[in-house]
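**Q** First the structure, which I've put down as structure tokens, then a few questions once you've had a look.
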Amino acid sequence: MIEVKKLTKRYSDGTTALQNVSFKLDKKITSVIGRNGAGKTTLIRILSSQLAPTSGKAFVEGIDVVEEPNAVRKIAVSIPQEAKPIDYLTPFDAVRLYLSARGIGLHASRKEAGDALKKVGLWEARNKVAYELSGGMKRKVFVAMAIAADAEVVFLDEPTTGLDPFSRVEVWAAIKAIKGQVILTTHYMEEAQALSDEVLMIESGKTLAQGSVKQLLKPFSGLIRVESQNKRHRSYRIGGTWVSYVKKADVNSFVEKGDIIKPVTLDDLFIKRGVNLES
Amino acid sequence: MNLKFIAAHSWLTGAGSLKSTWMYMISSMGFPLSLLFIVGVLSDGALLPYALVGGLVSVVATNGITTMADLGMFKFEYMYKDLIVTSKASPIDYMLGVMLADLFWSLPAIAIYFILDIAFGILTPYAFVMSILVSVLVLLSTASLGFVLTSLVKHQRFVWAITGMLSLAMMVFPPTFYPYKYLPHSVLLILSISPTTPAAVLMQGFFGLAPTLWYMLYILIGETILLFLIAKYLTVWRER
């Protein structure tokens, strides 16, 4: 379980990345969602003991991240945003190298590394050097590390950024194979919806909402999203587009030529709160 | 201390990487071998032993400085450092793993220099043992310098620039490829700020090319310890 109490992070340049944030996370997979610069990576880096908070407390499985960072490091895995496997290492060696950092010798880690690579579908490519792997395969090497480490808590910072839709679905399947509690950050709302038991919404260093996808989308029950080029009654502006939420029964009378109809997603939580996701 | 990580990192990224990055290893020998050739030709062979002895220092120092490039890649490109922070590896484990990897990686080049020393009849058992000691100190000091500088830069492109400048400053100006006696004592002391200067002076003494200035060993050991401690201080697992 993750518990955060009044956590604040202010960088030396004056930027406040987190402001008095408090929450508890105890579900199997939690997605921390928010636009770029919302404070997601700062949060993950503090929880995984890589960054000291300015004030407040954070606990991972009851261990104080600030006071006992080494204890947290033993039970947690953190995969950084945009991490890449070392070019000249194979997936097999990359996973074994990571396991050695967790205290398992190269010889002893052969089975764990092999099993993890099988789970993420990289067994066939285990002896290819990293620079021969596709983007999706490279990301799966890190998920294999997390699986092989068998850690109690796994932090994944934007695990699918930059991947094509097919590769993303493959990485999602690999993430689901992780045994421990998973906290992942993403700005892909469909990723959060596909993977998460719980979602934590962050904007400008503050938590906006927390709950299951179903709970969070409850206010939109029975509504359809309509995107127009023109301003409509009670619509929200996103770039050059105006978004309205319309009852399914009223869609036909509401829609004009050129409008686009879409199902409601987690994006709409931000839109209704006036957060411009494109800014 | 996480010996399993130190061994695994040094083996996989050092010796193991030789297979796929052997061209870099050969290119690291290009500069000292070129200078060896030029010094040999220009001095009609008279200074060849100095260039051979200095070439060994140069190869080890080049690979030590190259640590900075590796560290830059680990930090900025692969995010490897951030990855292993959340594990049982400590900053010291990381430093020793990277340094040992460079030692493994340098071994073929070091072996070539010893073969050349034997071929030119200047290698004695005493010189061999002492040059191993000096090589280890040079590697530790230059690699530590690499850690210090990497912790201060914000982007990989600065790493390449600094590596190039350091190679020049540490290989050309110090008496690595010419007799240290050519320099006034005061200049020699000033140049001793670079670990390659005391290393080259000592090597010339150990190989019987000039009197051994033992105080240079203390300078080299002192610089190695100081640079290692600064590197340890700056290699932080948790940023503020």
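Within each chain, counting starts at residue 1; across the structure tokens, chains are named A, B, ... in the order shown, with ligands numbered 1 upward in that order.
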Which residues are near B:Ala119? Cut-off 12 Å, only C-alpha atoms, ignore same chain within fewer than 6 positions. Put them as a compact mmCIF listing (two decimals) with N, CA and C atoms, in the first residue's frame.
**A**
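So the final result, stored in around_1.txt, reads:
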# COMPACT_ATOMS: atom_id res chain seq x y z
N PRO B 49 61.13 4.53 -26.26
CA PRO B 49 60.77 3.92 -24.97
C PRO B 49 59.87 4.81 -24.13
N LEU B 52 56.43 4.57 -25.49
CA LEU B 52 55.83 3.26 -25.17
C LEU B 52 55.29 3.25 -23.74
N ILE B 112 48.45 -5.10 -25.26
CA ILE B 112 49.21 -4.74 -26.46
C ILE B 112 50.44 -3.90 -26.09
N TYR B 113 50.24 -2.97 -25.14
CA TYR B 113 51.38 -2.14 -24.73
C TYR B 113 52.46 -2.96 -24.03
**Q** Please check the contacts: residues of chain B at most 10 Å away from chain A, using only C-alpha atoms, listed as a VMD selection string.
**A** chain B and resid 1 to 13 16 to 21 73 to 90 93 to 94 236 to 240
**Q** Could you please take those selected residues and save C-alpha atoms as a PDB file, in the first residue's frame?
**A**
ATOM      1  CA  MET B   1      28.587  -3.794  -0.581  1.00  0.00           C
ATOM      2  CA  ASN B   2      26.747  -5.518  -3.458  1.00  0.00           C
ATOM      3  CA  LEU B   3      29.575  -7.616  -4.932  1.00  0.00           C
ATOM      4  CA  LYS B   4      27.164  -9.461  -7.220  1.00  0.00           C
ATOM      5  CA  PHE B   5      26.198  -6.214  -8.915  1.00  0.00           C
ATOM      6  CA  ILE B   6      29.798  -4.983  -9.137  1.00  0.00           C
ATOM      7  CA  ALA B   7      30.830  -8.263 -10.764  1.00  0.00           C
ATOM      8  CA  ALA B   8      27.804  -8.422 -13.073  1.00  0.00           C
ATOM      9  CA  HIS B   9      28.052  -4.810 -14.187  1.00  0.00           C
ATOM     10  CA  SER B  10      31.794  -4.948 -14.798  1.00  0.00           C
ATOM     11  CA  TRP B  11      31.543  -8.235 -16.663  1.00  0.00           C
ATOM     12  CA  LEU B  12      28.485  -7.490 -18.819  1.00  0.00           C
ATOM     13  CA  THR B  13      29.197  -3.860 -19.661  1.00  0.00           C
ATOM     14  CA  GLY B  16      30.970  -8.551 -22.335  1.00  0.00           C
ATOM     15  CA  SER B  17      30.652  -5.384 -24.359  1.00  0.00           C
ATOM     16  CA  LEU B  18      34.055  -5.867 -25.988  1.00  0.00           C
ATOM     17  CA  LYS B  19      32.362  -8.271 -28.400  1.00  0.00           C
ATOM     18  CA  SER B  20      29.987  -5.626 -29.729  1.00  0.00           C
ATOM     19  CA  THR B  21      32.098  -2.489 -29.180  1.00  0.00           C
ATOM     20  CA  MET B  73      24.981   7.530 -21.476  1.00  0.00           C
ATOM     21  CA  PHE B  74      23.901   5.674 -18.329  1.00  0.00           C
ATOM     22  CA  LYS B  75      22.488   8.866 -16.833  1.00  0.00           C
ATOM     23  CA  PHE B  76      20.959  10.719 -19.779  1.00  0.00           C
ATOM     24  CA  GLU B  77      20.328   8.122 -22.499  1.00  0.00           C
ATOM     25  CA  TYR B  78      19.575   4.784 -20.846  1.00  0.00           C
ATOM     26  CA  MET B  79      18.342   6.193 -17.493  1.00  0.00           C
ATOM     27  CA  TYR B  80      20.266   3.235 -16.089  1.00  0.00           C
ATOM     28  CA  LYS B  81      21.376   5.124 -12.984  1.00  0.00           C
ATOM     29  CA  ASP B  82      17.768   5.998 -12.103  1.00  0.00           C
ATOM     30  CA  LEU B  83      16.807   2.375 -12.718  1.00  0.00           C
ATOM     31  CA  ILE B  84      19.293   0.901 -10.266  1.00  0.00           C
ATOM     32  CA  VAL B  85      18.708   3.499  -7.565  1.00  0.00           C
ATOM     33  CA  THR B  86      15.655   1.485  -6.557  1.00  0.00           C
ATOM     34  CA  SER B  87      17.599  -1.695  -5.824  1.00  0.00           C
ATOM     35  CA  LYS B  88      20.187  -2.982  -3.372  1.00  0.00           C
ATOM     36  CA  ALA B  89      23.056  -1.315  -5.250  1.00  0.00           C
ATOM     37  CA  SER B  90      24.710   1.670  -3.555  1.00  0.00           C
ATOM     38  CA  ASP B  93      28.726  -0.299  -5.963  1.00  0.00           C
ATOM     39  CA  TYR B  94      27.805   1.682  -9.056  1.00  0.00           C
ATOM     40  CA  VAL B 236      23.840  10.798  -5.007  1.00  0.00           C
ATOM     41  CA  TRP B 237      21.038   8.281  -5.047  1.00  0.00           C
ATOM     42  CA  ARG B 238      18.487  10.810  -3.919  1.00  0.00           C
ATOM     43  CA  GLU B 239      18.320  14.277  -5.395  1.00  0.00           C
ATOM     44  CA  ARG B 240      17.366  17.320  -3.384  1.00  0.00           C
TER      45      ARG B 240
END
**Q** Could you write out, as a PyMOL selection string, all the residues of stretch 132-242 of chain A that DSSP marks as alpha helix (DSSP H)?
**A** chain A and resi 135-149+165-176+189-195+213-216
**Q** Given the selection you just returned, output its residues as a file containing C-alpha atoms, formatted as a short mmCIF file (atom, residue, chain, number, x, y, z; two decimals), in the first residue's frame.
**A**
data_model
loop_
_atom_site.label_atom_id
_atom_site.label_comp_id
_atom_site.auth_asym_id
_atom_site.auth_seq_id
_atom_site.Cartn_x
_atom_site.Cartn_y
_atom_site.Cartn_z
CA GLY A 135 10.47 0.19 -29.32
CA GLY A 136 7.81 -2.06 -27.83
CA MET A 137 10.29 -4.88 -27.22
CA LYS A 138 12.65 -2.46 -25.46
CA ARG A 139 9.87 -1.36 -23.11
CA LYS A 140 8.97 -4.98 -22.46
CA VAL A 141 12.56 -5.64 -21.32
CA PHE A 142 11.88 -3.28 -18.41
CA VAL A 143 8.57 -4.92 -17.60
CA ALA A 144 10.45 -8.24 -17.60
CA MET A 145 12.85 -6.73 -15.05
CA ALA A 146 9.91 -5.78 -12.85
CA ILE A 147 8.40 -9.27 -13.16
CA ALA A 148 11.71 -11.02 -12.49
CA ALA A 149 12.41 -8.82 -9.46
CA PRO A 165 -0.97 1.24 -30.57
CA PHE A 166 -0.15 -2.43 -31.19
CA SER A 167 3.03 -2.30 -29.07
CA ARG A 168 1.14 -0.49 -26.33
CA VAL A 169 -1.40 -3.29 -26.09
CA GLU A 170 1.47 -5.79 -25.87
CA VAL A 171 3.11 -3.80 -23.05
CA TRP A 172 -0.25 -3.60 -21.24
CA ALA A 173 -0.49 -7.38 -21.28
CA ALA A 174 3.04 -7.58 -19.88
CA ILE A 175 2.20 -5.09 -17.13
CA LYS A 176 -0.76 -7.21 -16.09
CA MET A 189 -6.52 7.93 -20.86
CA GLU A 190 -7.36 4.73 -22.73
CA GLU A 191 -4.29 3.16 -21.09
CA ALA A 192 -5.56 4.11 -17.64
CA GLN A 193 -9.02 2.77 -18.52
CA ALA A 194 -7.64 -0.50 -19.91
CA LEU A 195 -5.26 -1.25 -17.06
CA VAL A 213 -12.79 4.32 -13.78
CA LYS A 214 -16.44 3.47 -13.24
CA GLN A 215 -16.73 5.73 -10.19
CA LEU A 216 -14.94 8.60 -11.90
#
**Q** Which distance in Å separates atom CA of B:Phe120 and atom CA of B:Ile65, to one decimal?
**A** 28.0 Å
**Q** Neighbours of B:Tyr180 within 12 Å (only C-alpha atoms; same-chain residues fewer than 3 positions away dropped), as a PyMOL selection string?
**A** chain B and resi 47+50-51+54+173-177+183-189+191-192+196-205+209-213+216
**Q** To one decimal in Å, tell me the separation between atom CA of A:Ser204 and atom CA of A:Leu156.
**A**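 Here the two named atoms are 20.3 Å from each other.
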**Q** Can you pull out the residues contacting A:Phe23? Cut-off 9 Å, using only C-alpha atoms, and skip same-chain residues under 4 positions away; I want them as a ChimeraX atom specification.
**A** /A:2-6,200,207,210
**Q** Go ahead and save the residues from that selection, with N, CA and C atoms, as an mmCIF file, in the first residue's frame.
**A**
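As a result, selection_39.cif now contains:
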data_model
loop_
_atom_site.group_PDB
_atom_site.id
_atom_site.type_symbol
_atom_site.label_atom_id
_atom_site.label_comp_id
_atom_site.auth_asym_id
_atom_site.auth_seq_id
_atom_site.Cartn_x
_atom_site.Cartn_y
_atom_site.Cartn_z
ATOM 1 N N ILE A 2 0.407 2.269 -0.674
ATOM 2 C CA ILE A 2 1.115 3.547 -0.723
ATOM 3 C C ILE A 2 0.280 4.567 0.063
ATOM 4 N N GLU A 3 0.943 5.308 0.912
ATOM 5 C CA GLU A 3 0.230 6.365 1.629
ATOM 6 C C GLU A 3 1.049 7.657 1.554
ATOM 7 N N VAL A 4 0.390 8.706 1.171
ATOM 8 C CA VAL A 4 1.050 10.002 1.034
ATOM 9 C C VAL A 4 0.308 11.012 1.896
ATOM 10 N N LYS A 5 1.074 11.753 2.708
ATOM 11 C CA LYS A 5 0.447 12.721 3.619
ATOM 12 C C LYS A 5 1.046 14.111 3.406
ATOM 13 N N LYS A 6 0.221 15.015 2.944
ATOM 14 C CA LYS A 6 0.601 16.434 2.788
ATOM 15 C C LYS A 6 1.962 16.601 2.103
ATOM 16 N N LEU A 200 -5.744 7.897 -10.180
ATOM 17 C CA LEU A 200 -5.491 9.109 -9.400
ATOM 18 C C LEU A 200 -5.228 10.229 -10.396
ATOM 19 N N THR A 207 -4.123 16.800 -6.386
ATOM 20 C CA THR A 207 -4.984 15.696 -6.800
ATOM 21 C C THR A 207 -6.366 16.244 -7.132
ATOM 22 N N GLN A 210 -9.933 10.709 -7.305
ATOM 23 C CA GLN A 210 -9.385 9.364 -7.140
ATOM 24 C C GLN A 210 -10.537 8.376 -7.093
#
**Q** Quick one: distance from atom CA of B:Tyr218 to atom CA of B:Leu133 in Å, one decimal?
**A**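 The value is 12.7 Å.
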**Q** For A:Lys27, work out the shell of residues within 8 Å, counting only C-alpha atoms and skipping chain neighbours fewer than 6 positions away, then give it as a list in words.
**A**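 These residues fall inside the cut-off: Met1, Gln181, Asp197 and Glu198 of chain A.
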